[in-house]
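Okay, structure first, notes after.
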Amino acid sequence: MAYDFDLFVIGAGSGGVRAARFAAGFGAKVAVAESRYLGGTCVNVGCVPKKLLVYGAHVADELEQAAGFGWTLEEGHFDWGTLIANKNREIERLNGIYRNLLVNSGVTLLQGHARITGANEVEVEGQRYSAANILIATGGWPQVPDIPGKELAITSNEAFYLKQLPRRVLVVGGGYIAVEFAGIFQGLGADTTLLYRGDLFLRGFDGSVRTHLKEELEKRGLNLQFNADIQRIDKLDDGSLKATLKDGRELVADCVFYATGRRPMLDNLGLENTGVELDERGYIRVDEQYQTTAPSILAIGDVIGRVQLTPVALAEGMAVARRLFKPEQYRTVDYQNIPTAVFSQPPIGTVGLTEEQALAAGHKVQVFESRFRAMKLTLTDIQEKTLMKLVVDAETDKVLGCHMVGPDAGEIIQGLGIALKAGATKQQFDETIGVHPTAAEEFVTMRTVTR
């Protein structure tokens with residue numbers, strides 16, 4: 001039968017927009033429906049505005065270091081409202097760019113909530129459309145545990161639009177979002193406490209990285225509370241919030257920020273009208289080609305719960321567009337050796353296996369580790385240390401993992417991601433001439449096995 005569209009994409013985030021644009025470029029008739037904001041979580045309430053706030057928080061470090069380089073500065077004053085207004089203006093600009101990318105690609109943009117009403121049918125604001133293929137790219141949504149007073153807490157969705165910087169903040173969680181926002185709030189001047197119910201944050205990251213970041217955050221004065229969890233939140237007469245912990249302690253703050261995980265955004269999507277199945281974690285079940293259990297419906301990005309990173313969603317969107325409409329260019333997404341960064345302060349960059357993963361996989365491992373005070377800090381009193389680590393297969397000499405905590409870690413790890421993707425050995429690292437004087441050269445000058 002003839003359909004209104006060859007591809008109907010639900011969600012105009014990074015993955016959905018990439019799939020739609022390239023499918024249209026391959027000659028398909030494409031529609032995209034979006035009920036919130038163009039660009040999805042990353043552009044609006046995720047990595048982009050977060051990085052802008054990280055930059056803002058980092059200015060405090062630059063001001064502190066300035067005296068060592070001969071600068072005498074008047075006491076600085078930070079204005080939260082100015083930062084947020086400037087951030088909002090940049091996000092609006094990016095929203096416009098995403099709109100132009102879609103429209104100029106020939107994609108039909110429908111602004112409204114899309115609900116699947118059949119295997120090949122979608123309804124948007126009362127209007128029904130037929131499609132040969134439906135792609136679900138609706139992303140994720142932050143979730144707060146069901147405790148008394150949960151409505152008093154905020155998540156990353158609200159944090160970017162606070163009217164003023166809270167004086168005292170409790171950040172709850174142990175993942176990268178919690179760690180990043182704790183650094184943002186503290187760097188901008190808030191009295192910040194990070195609560196995590198486990199022994200140590202950033203579960204799944206290399207053990208050396210986790211321990212090193214803990215030590216550096218403590219040097220900065222961040223109050224870290226491990227093995228701690230909130231039982232209830234109450235509002236006090238003066239408007240502040242009292243968090244009662246499960247161990248009976250009470251903490252008072254002006255803001256309780258939860259970063260305790262995200263769920264797939266499947267609300268009122270109409271999956272009950274399809275044969276789409278969810279996995280045991282509640283994500284949409286797909287095969288290696290992002291095909292759901294309903295033949296005409298696909299899914300990518302955070303809703304499938306694989307690697308929840310923007311560049312991964314982009315790669316998945318590209319793969320779907322190629323498989324459907326340009327099969328001669330199709331190639332699968334490689335989920336191995338994906339570089340990633342945590343924009344904590346100091347930041348983390350990592351690619352490949354952690355030491356723990358390498359050992360669990362049966363590798364005989366050589367570890368090369370280096371901790372040093374960055375050259376930039378030698379004219380200051382700041383004692384922050386940078387960590388660099390290589391995990392190497394002792395039998396093949398192949399570099400299995402690269403890990404860093406320190407300035408520009410995200411920028412440095414990108415290049416190392418190419419090396420690991422190409423299968424580089426430790427000997428090839430050793431034979432690469434370093435760029436001097438830089439921190440990055442340490443990755444090619446580590447010669448002594450740490451363990």
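In the structure tokens, chains take the letters A, B, ... in the order shown, each chain's residues start at 1, and ligands count up from 1 in the order shown.
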Write out as a Markdown table the residues of stretch 157-227 of chain A that have any atom within 12 Å of an atom of stretch 399-415 of chain A, one row each with the nearest atom pair and its distance in Å to one decimal, counting only C-alpha atoms, sorted by chain and then rising number.
```
| residue | atom | partner | partner_atom | distance |
| --- | --- | --- | --- | --- |
| A:Phe205 | CA | A:His403 | CA | 9.2 |
| A:Asp206 | CA | A:His403 | CA | 7.6 |
| A:Gly207 | CA | A:His403 | CA | 10.3 |
| A:Ser208 | CA | A:His403 | CA | 8.8 |
| A:Val209 | CA | A:Val405 | CA | 6.6 |
| A:Arg210 | CA | A:Val405 | CA | 9.2 |
| A:Thr211 | CA | A:Val405 | CA | 10.4 |
| A:His212 | CA | A:Val405 | CA | 7.5 |
| A:Leu213 | CA | A:Val405 | CA | 7.0 |
| A:Lys214 | CA | A:Val405 | CA | 10.8 |
| A:Glu215 | CA | A:Val405 | CA | 11.2 |
| A:Glu216 | CA | A:Val405 | CA | 9.5 |
| A:Leu217 | CA | A:Val405 | CA | 11.4 |
```
Might you pull out every residue within 12 Å of A:Phe69, with only C-alpha atoms counted and same-chain residues fewer than 5 positions away left off, and present them as an NGL selection string? :A and (62-64 or 376-381)
For A:Arg21, work out the shell of residues within 9 Å, counting only C-alpha atoms and skipping chain neighbours fewer than 6 positions away, then give it as a list in words. Val30, Leu101, Leu102, Val103, Asn104, Ser105, Gly106, Val107 and Ala321 of chain A
Counting only C-alpha atoms, what is within 12 Å of stretch 332-338 of chain A, bar same-chain residues fewer than 2 positions away, as a PyMOL selection string? chain A and resi 287-290+300+306-323+327+329-330+340-341+349-354+399-403+413-423
Distance criterion (only C-alpha atoms): nearest to A:Thr155 out of A:Thr432, A:Thr138, A:Ser240, A:Thr260: A:Thr260
DSSP on the backbone, strand (DSSP E or B) only: what residues of stretch 25-137 of chain A does that give? Format it as number ranges by chain. A: 30-34, 108-111, 114-118, 121-124, 127-136
With distances taken over only C-alpha atoms, which residue among A:Ala294, A:Val391, A:Ile230, A:Ala67 lies nearest A:Leu278?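 Using only C-alpha atoms, the shortest distance to A:Leu278 belongs to A:Ala294.
Considering the residues A:Gly282, A:Gly173, A:Gly221, A:Gly434 and counting only C-alpha atoms, A:Leu194 has its shortest atom-to-atom contact with A:Gly173.
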Compile the contact shell of A:His77 as JSON, numbers by chain: residues with an atom at most 12 Å away, counting only C-alpha atoms, same-chain residues fewer than 6 positions apart removed. {"A": [59, 60, 63, 188, 189]}
Nearest-residue call for A:Gln428, choices A:Ala394, A:Glu34, A:Gly16, A:Val444, using only C-alpha atoms: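 Closest residue, counting only C-alpha atoms: A:Val444.
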Pick out the closest residue to A:Val17 from this set: A:Val342, A:Leu195, A:Leu200, A:Leu135. Count only C-alpha atoms. A:Leu135
Which residues are close to stretch 179-187 of chain A, i.e. within 6 Å by only C-alpha atoms, leaving aside same-chain residues fewer than 2 positions away? Reply as a list in words. Val54, Ala57, Tyr176, Ile177, Gly189, Ala190, Thr192, Phe343, Ser344 and Gln345 of chain A
Write out, as a PDB file, in the first residue's frame, the residues just selected, with N, CA, C and O atoms.
```pdb
ATOM      1  N   VAL A  54      29.759  24.129  33.309  1.00  0.00           N
ATOM      2  CA  VAL A  54      31.079  23.674  33.752  1.00  0.00           C
ATOM      3  C   VAL A  54      32.131  24.737  33.435  1.00  0.00           C
ATOM      4  O   VAL A  54      32.993  25.036  34.263  1.00  0.00           O
ATOM      5  N   ALA A  57      31.820  27.431  35.993  1.00  0.00           N
ATOM      6  CA  ALA A  57      32.358  27.040  37.286  1.00  0.00           C
ATOM      7  C   ALA A  57      33.880  27.034  37.276  1.00  0.00           C
ATOM      8  O   ALA A  57      34.529  27.324  38.285  1.00  0.00           O
ATOM      9  N   TYR A 176      27.689   9.992  36.591  1.00  0.00           N
ATOM     10  CA  TYR A 176      28.412  11.156  36.077  1.00  0.00           C
ATOM     11  C   TYR A 176      27.607  12.439  36.205  1.00  0.00           C
ATOM     12  O   TYR A 176      28.170  13.518  36.426  1.00  0.00           O
ATOM     13  N   ILE A 177      26.280  12.375  36.103  1.00  0.00           N
ATOM     14  CA  ILE A 177      25.475  13.595  36.216  1.00  0.00           C
ATOM     15  C   ILE A 177      25.596  14.173  37.621  1.00  0.00           C
ATOM     16  O   ILE A 177      25.759  15.384  37.802  1.00  0.00           O
ATOM     17  N   GLY A 189      30.065  28.518  43.770  1.00  0.00           N
ATOM     18  CA  GLY A 189      29.996  29.149  45.078  1.00  0.00           C
ATOM     19  C   GLY A 189      29.016  28.574  46.063  1.00  0.00           C
ATOM     20  O   GLY A 189      28.914  29.068  47.195  1.00  0.00           O
ATOM     21  N   ALA A 190      28.281  27.527  45.696  1.00  0.00           N
ATOM     22  CA  ALA A 190      27.318  26.934  46.623  1.00  0.00           C
ATOM     23  C   ALA A 190      28.021  25.977  47.588  1.00  0.00           C
ATOM     24  O   ALA A 190      28.988  25.308  47.218  1.00  0.00           O
ATOM     25  N   THR A 192      28.194  22.673  48.869  1.00  0.00           N
ATOM     26  CA  THR A 192      27.671  21.486  48.184  1.00  0.00           C
ATOM     27  C   THR A 192      28.060  20.203  48.891  1.00  0.00           C
ATOM     28  O   THR A 192      29.212  20.015  49.289  1.00  0.00           O
ATOM     29  N   PHE A 343      32.613  15.461  32.889  1.00  0.00           N
ATOM     30  CA  PHE A 343      33.077  16.837  33.069  1.00  0.00           C
ATOM     31  C   PHE A 343      32.960  17.251  34.532  1.00  0.00           C
ATOM     32  O   PHE A 343      32.317  18.240  34.885  1.00  0.00           O
ATOM     33  N   SER A 344      33.609  16.434  35.348  1.00  0.00           N
ATOM     34  CA  SER A 344      33.779  16.756  36.757  1.00  0.00           C
ATOM     35  C   SER A 344      34.896  17.784  36.857  1.00  0.00           C
ATOM     36  O   SER A 344      35.453  18.205  35.850  1.00  0.00           O
ATOM     37  N   GLN A 345      35.245  18.156  38.074  1.00  0.00           N
ATOM     38  CA  GLN A 345      36.344  19.106  38.237  1.00  0.00           C
ATOM     39  C   GLN A 345      37.322  18.567  39.271  1.00  0.00           C
ATOM     40  O   GLN A 345      37.028  18.675  40.459  1.00  0.00           O
TER      41      GLN A 345
END
```
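If only C-alpha atoms are the atoms counted, then among A:Leu7, A:Glu74, A:Lys389, A:Ala2 the closest residue to A:Phe325 is A:Leu7.
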Against stretch 264-270 of chain A, which residues of stretch 71-133 of chain A fall within 8 Å? For each one I want the closest pair of atoms and the distance in Å (one decimal), counting only C-alpha atoms, rows by chain and increasing residue number, as a tab-separated table.
```
residue	atom	partner	partner_atom	distance
A:Ala114	CA	A:Leu269	CA	6.9
A:Arg115	CA	A:Leu269	CA	4.7
A:Ile116	CA	A:Gly270	CA	4.8
A:Thr117	CA	A:Gly270	CA	6.2
```
Store the residues picked out above, limited to N, CA, C and O atoms, as an mmCIF file, in the first residue's frame.
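Below you can see part.cif, which holds the result:
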```cif
data_model
loop_
_atom_site.group_PDB
_atom_site.id
_atom_site.type_symbol
_atom_site.label_atom_id
_atom_site.label_comp_id
_atom_site.auth_asym_id
_atom_site.auth_seq_id
_atom_site.Cartn_x
_atom_site.Cartn_y
_atom_site.Cartn_z
ATOM 1 N N ALA A 114 3.371 12.558 19.636
ATOM 2 C CA ALA A 114 3.064 11.469 18.710
ATOM 3 C C ALA A 114 2.723 10.208 19.489
ATOM 4 O O ALA A 114 3.421 9.848 20.449
ATOM 5 N N ARG A 115 1.675 9.533 19.049
ATOM 6 C CA ARG A 115 1.261 8.280 19.678
ATOM 7 C C ARG A 115 1.030 7.247 18.583
ATOM 8 O O ARG A 115 0.348 7.513 17.583
ATOM 9 N N ILE A 116 1.639 6.085 18.768
ATOM 10 C CA ILE A 116 1.504 5.023 17.765
ATOM 11 C C ILE A 116 0.134 4.372 17.933
ATOM 12 O O ILE A 116 -0.230 3.927 19.027
ATOM 13 N N THR A 117 -0.620 4.335 16.862
ATOM 14 C CA THR A 117 -1.972 3.770 16.923
ATOM 15 C C THR A 117 -2.101 2.458 16.157
ATOM 16 O O THR A 117 -3.159 1.838 16.151
#
```
Alpha helix (DSSP H) residues, from DSSP on the backbone, in stretch 63-225 of chain A, as a compact mmCIF listing (two decimals) with N, CA, C and O atoms, in the first residue's frame:
```txt
# COMPACT_ATOMS: atom_id res chain seq x y z
N LEU A 63 40.73 32.17 38.17
CA LEU A 63 40.94 33.35 39.01
C LEU A 63 41.89 33.03 40.16
O LEU A 63 42.75 33.84 40.52
N GLU A 64 41.74 31.83 40.73
CA GLU A 64 42.59 31.43 41.84
C GLU A 64 44.04 31.28 41.39
O GLU A 64 44.98 31.59 42.13
N GLN A 65 44.23 30.80 40.16
CA GLN A 65 45.58 30.57 39.65
C GLN A 65 46.25 31.85 39.14
O GLN A 65 47.48 31.88 38.97
N ALA A 66 45.48 32.87 38.90
CA ALA A 66 45.99 34.07 38.22
C ALA A 66 47.14 34.73 38.97
O ALA A 66 48.10 35.23 38.37
N TRP A 80 24.47 34.42 38.73
CA TRP A 80 23.83 33.23 38.19
C TRP A 80 22.86 33.60 37.07
O TRP A 80 22.80 32.94 36.02
N GLY A 81 22.09 34.66 37.27
CA GLY A 81 21.09 35.05 36.28
C GLY A 81 21.70 35.35 34.93
O GLY A 81 21.13 35.00 33.89
N THR A 82 22.86 35.98 34.92
CA THR A 82 23.52 36.30 33.66
C THR A 82 23.96 35.03 32.94
O THR A 82 23.78 34.88 31.73
N LEU A 83 24.54 34.10 33.69
CA LEU A 83 24.97 32.83 33.09
C LEU A 83 23.79 32.08 32.49
O LEU A 83 23.86 31.59 31.36
N ILE A 84 22.69 31.99 33.23
CA ILE A 84 21.53 31.25 32.74
C ILE A 84 20.91 31.94 31.53
O ILE A 84 20.50 31.28 30.56
N ALA A 85 20.83 33.25 31.55
CA ALA A 85 20.27 33.98 30.41
C ALA A 85 21.12 33.77 29.16
O ALA A 85 20.59 33.56 28.05
N ASN A 86 22.43 33.82 29.32
CA ASN A 86 23.31 33.60 28.18
C ASN A 86 23.21 32.16 27.69
O ASN A 86 23.25 31.90 26.47
N LYS A 87 23.11 31.23 28.62
CA LYS A 87 22.93 29.82 28.25
C LYS A 87 21.64 29.64 27.47
O LYS A 87 21.60 28.96 26.44
N ASN A 88 20.56 30.25 27.95
CA ASN A 88 19.26 30.12 27.28
C ASN A 88 19.31 30.65 25.85
O ASN A 88 18.73 30.07 24.92
N ARG A 89 20.02 31.76 25.68
CA ARG A 89 20.12 32.35 24.35
C ARG A 89 20.87 31.40 23.40
O ARG A 89 20.48 31.24 22.24
N GLU A 90 21.91 30.75 23.89
CA GLU A 90 22.65 29.80 23.06
C GLU A 90 21.81 28.58 22.73
O GLU A 90 21.84 28.08 21.59
N ILE A 91 21.02 28.09 23.68
CA ILE A 91 20.17 26.93 23.42
C ILE A 91 19.11 27.27 22.39
O ILE A 91 18.79 26.47 21.50
N GLU A 92 18.55 28.46 22.48
CA GLU A 92 17.56 28.89 21.48
C GLU A 92 18.19 28.94 20.09
O GLU A 92 17.56 28.57 19.09
N ARG A 93 19.44 29.38 20.03
CA ARG A 93 20.13 29.40 18.74
C ARG A 93 20.29 27.99 18.19
O ARG A 93 20.05 27.74 17.00
N LEU A 94 20.65 27.04 19.06
CA LEU A 94 20.82 25.66 18.62
C LEU A 94 19.49 25.04 18.22
O LEU A 94 19.42 24.23 17.27
N ASN A 95 18.41 25.39 18.92
CA ASN A 95 17.08 24.91 18.52
C ASN A 95 16.78 25.32 17.08
O ASN A 95 16.25 24.53 16.28
N GLY A 96 17.11 26.57 16.76
CA GLY A 96 16.88 27.05 15.40
C GLY A 96 17.72 26.31 14.38
O GLY A 96 17.26 26.03 13.27
N ILE A 97 18.96 25.99 14.75
CA ILE A 97 19.82 25.24 13.83
C ILE A 97 19.23 23.87 13.56
O ILE A 97 19.21 23.40 12.41
N TYR A 98 18.75 23.19 14.61
CA TYR A 98 18.14 21.87 14.41
C TYR A 98 16.90 21.97 13.52
O TYR A 98 16.66 21.10 12.67
N ARG A 99 16.11 23.01 13.73
CA ARG A 99 14.93 23.19 12.87
C ARG A 99 15.35 23.35 11.41
O ARG A 99 14.78 22.71 10.51
N ASN A 100 16.36 24.18 11.17
CA ASN A 100 16.81 24.40 9.80
C ASN A 100 17.40 23.14 9.19
O ASN A 100 17.22 22.87 8.00
N LEU A 101 18.13 22.36 9.99
CA LEU A 101 18.70 21.11 9.49
C LEU A 101 17.60 20.18 8.97
O LEU A 101 17.73 19.56 7.91
N LEU A 102 16.52 20.10 9.73
CA LEU A 102 15.42 19.22 9.32
C LEU A 102 14.68 19.77 8.11
O LEU A 102 14.50 19.07 7.10
N VAL A 103 14.26 21.01 8.21
CA VAL A 103 13.45 21.60 7.13
C VAL A 103 14.23 21.66 5.83
O VAL A 103 13.72 21.33 4.75
N ASN A 104 15.51 22.06 5.92
CA ASN A 104 16.32 22.17 4.71
C ASN A 104 16.66 20.81 4.10
O ASN A 104 17.06 20.73 2.94
N SER A 156 17.99 17.25 36.81
CA SER A 156 18.73 18.04 35.82
C SER A 156 17.79 18.85 34.93
O SER A 156 18.17 19.90 34.42
N ASN A 157 16.56 18.38 34.73
CA ASN A 157 15.62 19.14 33.91
C ASN A 157 15.37 20.54 34.47
O ASN A 157 15.29 21.53 33.73
N GLU A 158 15.25 20.62 35.80
CA GLU A 158 14.94 21.90 36.44
C GLU A 158 16.19 22.71 36.78
O GLU A 158 16.13 23.95 36.88
N ALA A 159 17.31 22.03 36.98
CA ALA A 159 18.53 22.71 37.45
C ALA A 159 18.99 23.81 36.50
O ALA A 159 19.53 24.83 36.93
N TYR A 176 27.69 9.99 36.59
CA TYR A 176 28.41 11.16 36.08
C TYR A 176 27.61 12.44 36.21
O TYR A 176 28.17 13.52 36.43
N ILE A 177 26.28 12.37 36.10
CA ILE A 177 25.47 13.59 36.22
C ILE A 177 25.60 14.17 37.62
O ILE A 177 25.76 15.38 37.80
N ALA A 178 25.54 13.31 38.63
CA ALA A 178 25.67 13.77 40.02
C ALA A 178 27.04 14.40 40.25
O ALA A 178 27.15 15.48 40.84
N VAL A 179 28.08 13.73 39.80
CA VAL A 179 29.44 14.22 40.01
C VAL A 179 29.65 15.55 39.29
O VAL A 179 30.25 16.49 39.83
N GLU A 180 29.13 15.65 38.07
CA GLU A 180 29.31 16.88 37.30
C GLU A 180 28.58 18.05 37.95
O GLU A 180 29.13 19.15 38.09
N PHE A 181 27.33 17.84 38.36
CA PHE A 181 26.58 18.95 38.95
C PHE A 181 27.09 19.33 40.33
O PHE A 181 27.02 20.50 40.72
N ALA A 182 27.62 18.37 41.08
CA ALA A 182 28.24 18.73 42.36
C ALA A 182 29.40 19.69 42.10
O ALA A 182 29.57 20.69 42.82
N GLY A 183 30.20 19.42 41.06
CA GLY A 183 31.30 20.32 40.70
C GLY A 183 30.82 21.67 40.23
O GLY A 183 31.43 22.70 40.54
N ILE A 184 29.73 21.68 39.47
CA ILE A 184 29.17 22.95 38.99
C ILE A 184 28.71 23.81 40.15
O ILE A 184 29.09 24.98 40.28
N PHE A 185 27.86 23.24 41.01
CA PHE A 185 27.33 24.02 42.12
C PHE A 185 28.46 24.52 43.04
O PHE A 185 28.47 25.68 43.45
N GLN A 186 29.40 23.63 43.36
CA GLN A 186 30.49 24.05 44.24
C GLN A 186 31.37 25.10 43.58
O GLN A 186 31.74 26.10 44.21
N GLY A 187 31.69 24.90 42.30
CA GLY A 187 32.55 25.84 41.60
C GLY A 187 31.95 27.22 41.48
O GLY A 187 32.67 28.22 41.43
N GLY A 207 38.95 1.67 38.79
CA GLY A 207 39.10 1.90 40.22
C GLY A 207 40.07 3.02 40.55
O GLY A 207 39.83 3.81 41.48
N SER A 208 41.17 3.12 39.82
CA SER A 208 42.13 4.19 40.07
C SER A 208 41.51 5.55 39.80
O SER A 208 41.77 6.53 40.52
N VAL A 209 40.70 5.63 38.75
CA VAL A 209 40.02 6.89 38.39
C VAL A 209 39.06 7.31 39.50
O VAL A 209 39.04 8.47 39.93
N ARG A 210 38.28 6.36 39.99
CA ARG A 210 37.29 6.66 41.02
C ARG A 210 37.96 7.16 42.30
O ARG A 210 37.55 8.16 42.89
N THR A 211 39.01 6.46 42.71
CA THR A 211 39.71 6.83 43.94
C THR A 211 40.40 8.18 43.79
O THR A 211 40.35 9.03 44.69
N HIS A 212 41.04 8.38 42.64
CA HIS A 212 41.77 9.63 42.42
C HIS A 212 40.81 10.82 42.41
O HIS A 212 41.09 11.87 43.02
N LEU A 213 39.67 10.68 41.74
CA LEU A 213 38.72 11.79 41.70
C LEU A 213 38.19 12.08 43.10
O LEU A 213 38.03 13.25 43.48
N LYS A 214 37.91 11.05 43.87
CA LYS A 214 37.46 11.25 45.25
C LYS A 214 38.47 12.11 46.02
O LYS A 214 38.09 13.08 46.70
N GLU A 215 39.74 11.77 45.90
CA GLU A 215 40.78 12.52 46.62
C GLU A 215 40.84 13.97 46.16
O GLU A 215 40.98 14.89 46.98
N GLU A 216 40.72 14.19 44.85
CA GLU A 216 40.80 15.56 44.34
C GLU A 216 39.59 16.39 44.72
O GLU A 216 39.69 17.58 45.01
N LEU A 217 38.41 15.77 44.73
CA LEU A 217 37.21 16.51 45.12
C LEU A 217 37.26 16.88 46.60
O LEU A 217 36.82 17.96 47.00
N GLU A 218 37.82 15.98 47.40
CA GLU A 218 37.95 16.29 48.82
C GLU A 218 38.94 17.43 49.03
O GLU A 218 38.74 18.29 49.90
N LYS A 219 40.02 17.48 48.22
CA LYS A 219 40.95 18.61 48.30
C LYS A 219 40.24 19.94 48.04
O LYS A 219 40.58 20.97 48.62
```
I'd like the neighbourhood of A:Leu110 as a PyMOL selection string, where a residue qualifies if any of its atoms comes within 8 Å (using only C-alpha atoms), though same-chain residues fewer than 4 positions away should be ignored. chain A and resi 31-34+124
Can you spit out the residues from that selection as a PDB file, in the first residue's frame, using N, CA, C and O atoms?
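File written: result.pdb
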```
ATOM      1  N   ALA A  31       9.048  12.185   8.119  1.00  0.00           N
ATOM      2  CA  ALA A  31       8.427  13.114   9.060  1.00  0.00           C
ATOM      3  C   ALA A  31       9.069  12.914  10.429  1.00  0.00           C
ATOM      4  O   ALA A  31       9.489  11.815  10.780  1.00  0.00           O
ATOM      5  N   VAL A  32       9.139  13.998  11.189  1.00  0.00           N
ATOM      6  CA  VAL A  32       9.613  13.947  12.571  1.00  0.00           C
ATOM      7  C   VAL A  32       8.576  14.638  13.447  1.00  0.00           C
ATOM      8  O   VAL A  32       8.139  15.750  13.143  1.00  0.00           O
ATOM      9  N   ALA A  33       8.198  13.982  14.544  1.00  0.00           N
ATOM     10  CA  ALA A  33       7.288  14.584  15.514  1.00  0.00           C
ATOM     11  C   ALA A  33       8.035  14.825  16.817  1.00  0.00           C
ATOM     12  O   ALA A  33       8.746  13.940  17.308  1.00  0.00           O
ATOM     13  N   GLU A  34       7.868  16.017  17.381  1.00  0.00           N
ATOM     14  CA  GLU A  34       8.531  16.366  18.639  1.00  0.00           C
ATOM     15  C   GLU A  34       7.578  17.207  19.490  1.00  0.00           C
ATOM     16  O   GLU A  34       7.042  18.209  19.007  1.00  0.00           O
ATOM     17  N   VAL A 124      -0.733  12.471  15.660  1.00  0.00           N
ATOM     18  CA  VAL A 124      -0.144  13.676  16.244  1.00  0.00           C
ATOM     19  C   VAL A 124      -1.212  14.752  16.319  1.00  0.00           C
ATOM     20  O   VAL A 124      -1.737  15.184  15.280  1.00  0.00           O
TER      21      VAL A 124
END
```
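You will find atom CA of A:Val365 at 22.3 Å from atom CA of A:Leu202.
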Distance of atom CA of A:Asp302 from atom CA of A:Gly46, expressed in Å to one decimal place: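 Separation of atom CA of A:Gly46 and atom CA of A:Asp302: 12.9 Å.
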As an exercise, work out the distance from atom CA of A:Ser14 to atom CA of A:Ile136 in Å and give it to one decimal place.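 Interatomic distance, atom CA of A:Ser14 to atom CA of A:Ile136: 12.3 Å.
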